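Some notes on the structure that comes next.
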Amino acid sequence: MKKPTVADIKPTVVHLTQGKKYFFCTCGKSSNQPFCDGKHKGSEFSPQAFTADADGDAYLCQCKQSGALPFCDGKHKQLNCDQIGKEVLLKPDADA
């Protein structure tokens, strides 16, 4: 199973524009976090496209472990700062 690189252990707040299409980084290696810059090329990762439903701020996942990607679901609370920049794959929730 593929292990994404933890970009950070807290979400980032970004302002989204209604109707605009975004490409979320799923590999964790992008220099343009939380958005894709193509560093996934040659790996089994690909960006996750999404379109903003409304104008406003959103908390986007940077740990790459959320069950609600691209949005944060709090899974980063299971990580520590020593895991930033490392490949990690948390076990899925038992009730998921």
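FYI, nothing fancy with the structure tokens labels: chains A, B, ... in order, residues from 1 per chain, ligands from 1 as they appear.
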Contacts of His15 of chain A at 12 Å (only C-alpha atoms; same-chain gap of 6+ positions) as a PyMOL selection string: chain A and resi 22+34+52-60
Shell of 9 Å around Leu79 of chain A, only C-alpha atoms, local chain residues under 6 positions omitted, as a PyMOL selection string: chain A and resi 9+63+90
Please produce a file of the residues just selected, as an mmCIF file, in the first residue's frame, where the atoms kept are N, CA and C atoms.
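Result file follows (result-v4.cif):
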data_model
loop_
_atom_site.group_PDB
_atom_site.id
_atom_site.type_symbol
_atom_site.label_atom_id
_atom_site.label_comp_id
_atom_site.auth_asym_id
_atom_site.auth_seq_id
_atom_site.Cartn_x
_atom_site.Cartn_y
_atom_site.Cartn_z
ATOM 1 N N ILE A 9 1.933 18.384 10.256
ATOM 2 C CA ILE A 9 1.010 17.711 11.182
ATOM 3 C C ILE A 9 -0.098 18.646 11.641
ATOM 4 N N CYS A 63 -1.251 16.250 6.413
ATOM 5 C CA CYS A 63 -0.646 14.988 6.862
ATOM 6 C C CYS A 63 -0.905 13.876 5.852
ATOM 7 N N LEU A 90 -1.286 5.673 8.333
ATOM 8 C CA LEU A 90 -2.019 5.280 9.536
ATOM 9 C C LEU A 90 -3.039 4.214 9.181
#
Surrounding residues of Cys36 of chain A excluding itself and chain neighbours under 6 positions, 12 Å, only C-alpha atoms, as a ChimeraX atom specification: /A:22-30,45-50,62,70
Backbone DSSP call of strand (DSSP E) for chain A, listed as a list in words: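 Selecting the strand (DSSP E) positions of chain A gives Thr12, Val13, Val14, His15, Leu16, Lys21, Tyr22, Phe23, Phe24, Gln48, Ala49, Phe50, Thr51, Gly56, Asp57, Ala58, Tyr59 and Leu60 of chain A.
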Output N, CA and C atoms for every residue in that selection, as a compact mmCIF listing (two decimals), in the first residue's frame.
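Result saved to again.txt:
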# COMPACT_ATOMS: atom_id res chain seq x y z
N THR A 12 -3.74 23.28 6.70
CA THR A 12 -3.47 24.65 6.25
C THR A 12 -4.79 25.27 5.82
N VAL A 13 -4.95 26.54 6.13
CA VAL A 13 -6.16 27.26 5.75
C VAL A 13 -5.93 27.92 4.39
N VAL A 14 -6.81 27.64 3.45
CA VAL A 14 -6.72 28.25 2.13
C VAL A 14 -8.07 28.86 1.77
N HIS A 15 -8.02 29.93 1.00
CA HIS A 15 -9.27 30.54 0.54
C HIS A 15 -9.61 29.93 -0.81
N LEU A 16 -10.79 29.34 -0.90
CA LEU A 16 -11.26 28.71 -2.13
C LEU A 16 -12.28 29.60 -2.81
N LYS A 21 -11.58 24.87 -9.98
CA LYS A 21 -11.05 23.51 -9.84
C LYS A 21 -9.65 23.59 -9.26
N TYR A 22 -9.39 22.74 -8.28
CA TYR A 22 -8.10 22.69 -7.60
C TYR A 22 -7.54 21.27 -7.72
N PHE A 23 -6.22 21.15 -7.58
CA PHE A 23 -5.56 19.86 -7.61
C PHE A 23 -4.76 19.69 -6.32
N PHE A 24 -5.29 18.86 -5.44
CA PHE A 24 -4.72 18.62 -4.12
C PHE A 24 -3.59 17.60 -4.20
N GLN A 48 -5.52 14.90 -6.48
CA GLN A 48 -6.96 14.76 -6.33
C GLN A 48 -7.62 16.06 -6.77
N ALA A 49 -8.34 16.01 -7.87
CA ALA A 49 -9.04 17.19 -8.36
C ALA A 49 -10.32 17.39 -7.55
N PHE A 50 -10.61 18.65 -7.24
CA PHE A 50 -11.88 18.99 -6.61
C PHE A 50 -12.27 20.40 -7.00
N THR A 51 -13.55 20.66 -6.97
CA THR A 51 -14.10 21.97 -7.28
C THR A 51 -14.75 22.54 -6.03
N GLY A 56 -14.74 30.81 0.26
CA GLY A 56 -14.44 30.84 1.69
C GLY A 56 -13.22 30.03 2.05
N ASP A 57 -12.89 30.10 3.32
CA ASP A 57 -11.72 29.39 3.83
C ASP A 57 -12.05 27.92 4.07
N ALA A 58 -11.04 27.09 3.83
CA ALA A 58 -11.17 25.65 4.07
C ALA A 58 -9.88 25.15 4.70
N TYR A 59 -10.01 24.15 5.56
CA TYR A 59 -8.86 23.52 6.18
C TYR A 59 -8.49 22.28 5.37
N LEU A 60 -7.37 22.37 4.65
CA LEU A 60 -6.93 21.26 3.82
C LEU A 60 -5.85 20.46 4.53
Atom CA of Thr17 of chain A to atom CA of Phe35 of chain A, distance in Å rounded to a single decimal: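 Going from atom CA of Thr17 of chain A over to atom CA of Phe35 of chain A, I get 14.4 Å.
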Pick from A:Lys75, A:Lys10, A:Lys20, A:Lys39 nearest to Lys91 of chain A, counting only C-alpha atoms: A:Lys75
Among the residues A:His76, A:Val88, A:Ser43, A:Gln65, the one that comes closest to Pro11 of chain A [using only C-alpha atoms]: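 Ranked by minimum distance to Pro11 of chain A, first place goes to A:His76.
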All helix (DSSP H, G or I) residues (DSSP, backbone) inside chain A, as JSON, numbers by chain: {"A": [75, 76, 77, 78, 81, 82, 83]}
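Interatomic distance, atom CA of Lys86 of chain A against atom CA of Asp8 of chain A: 9.9 Å.
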Nearest residue to Asn80 of chain A from the set A:Gly19, A:Ala7, A:Asn32, A:Glu44 (distances using only C-alpha atoms): A:Ala7
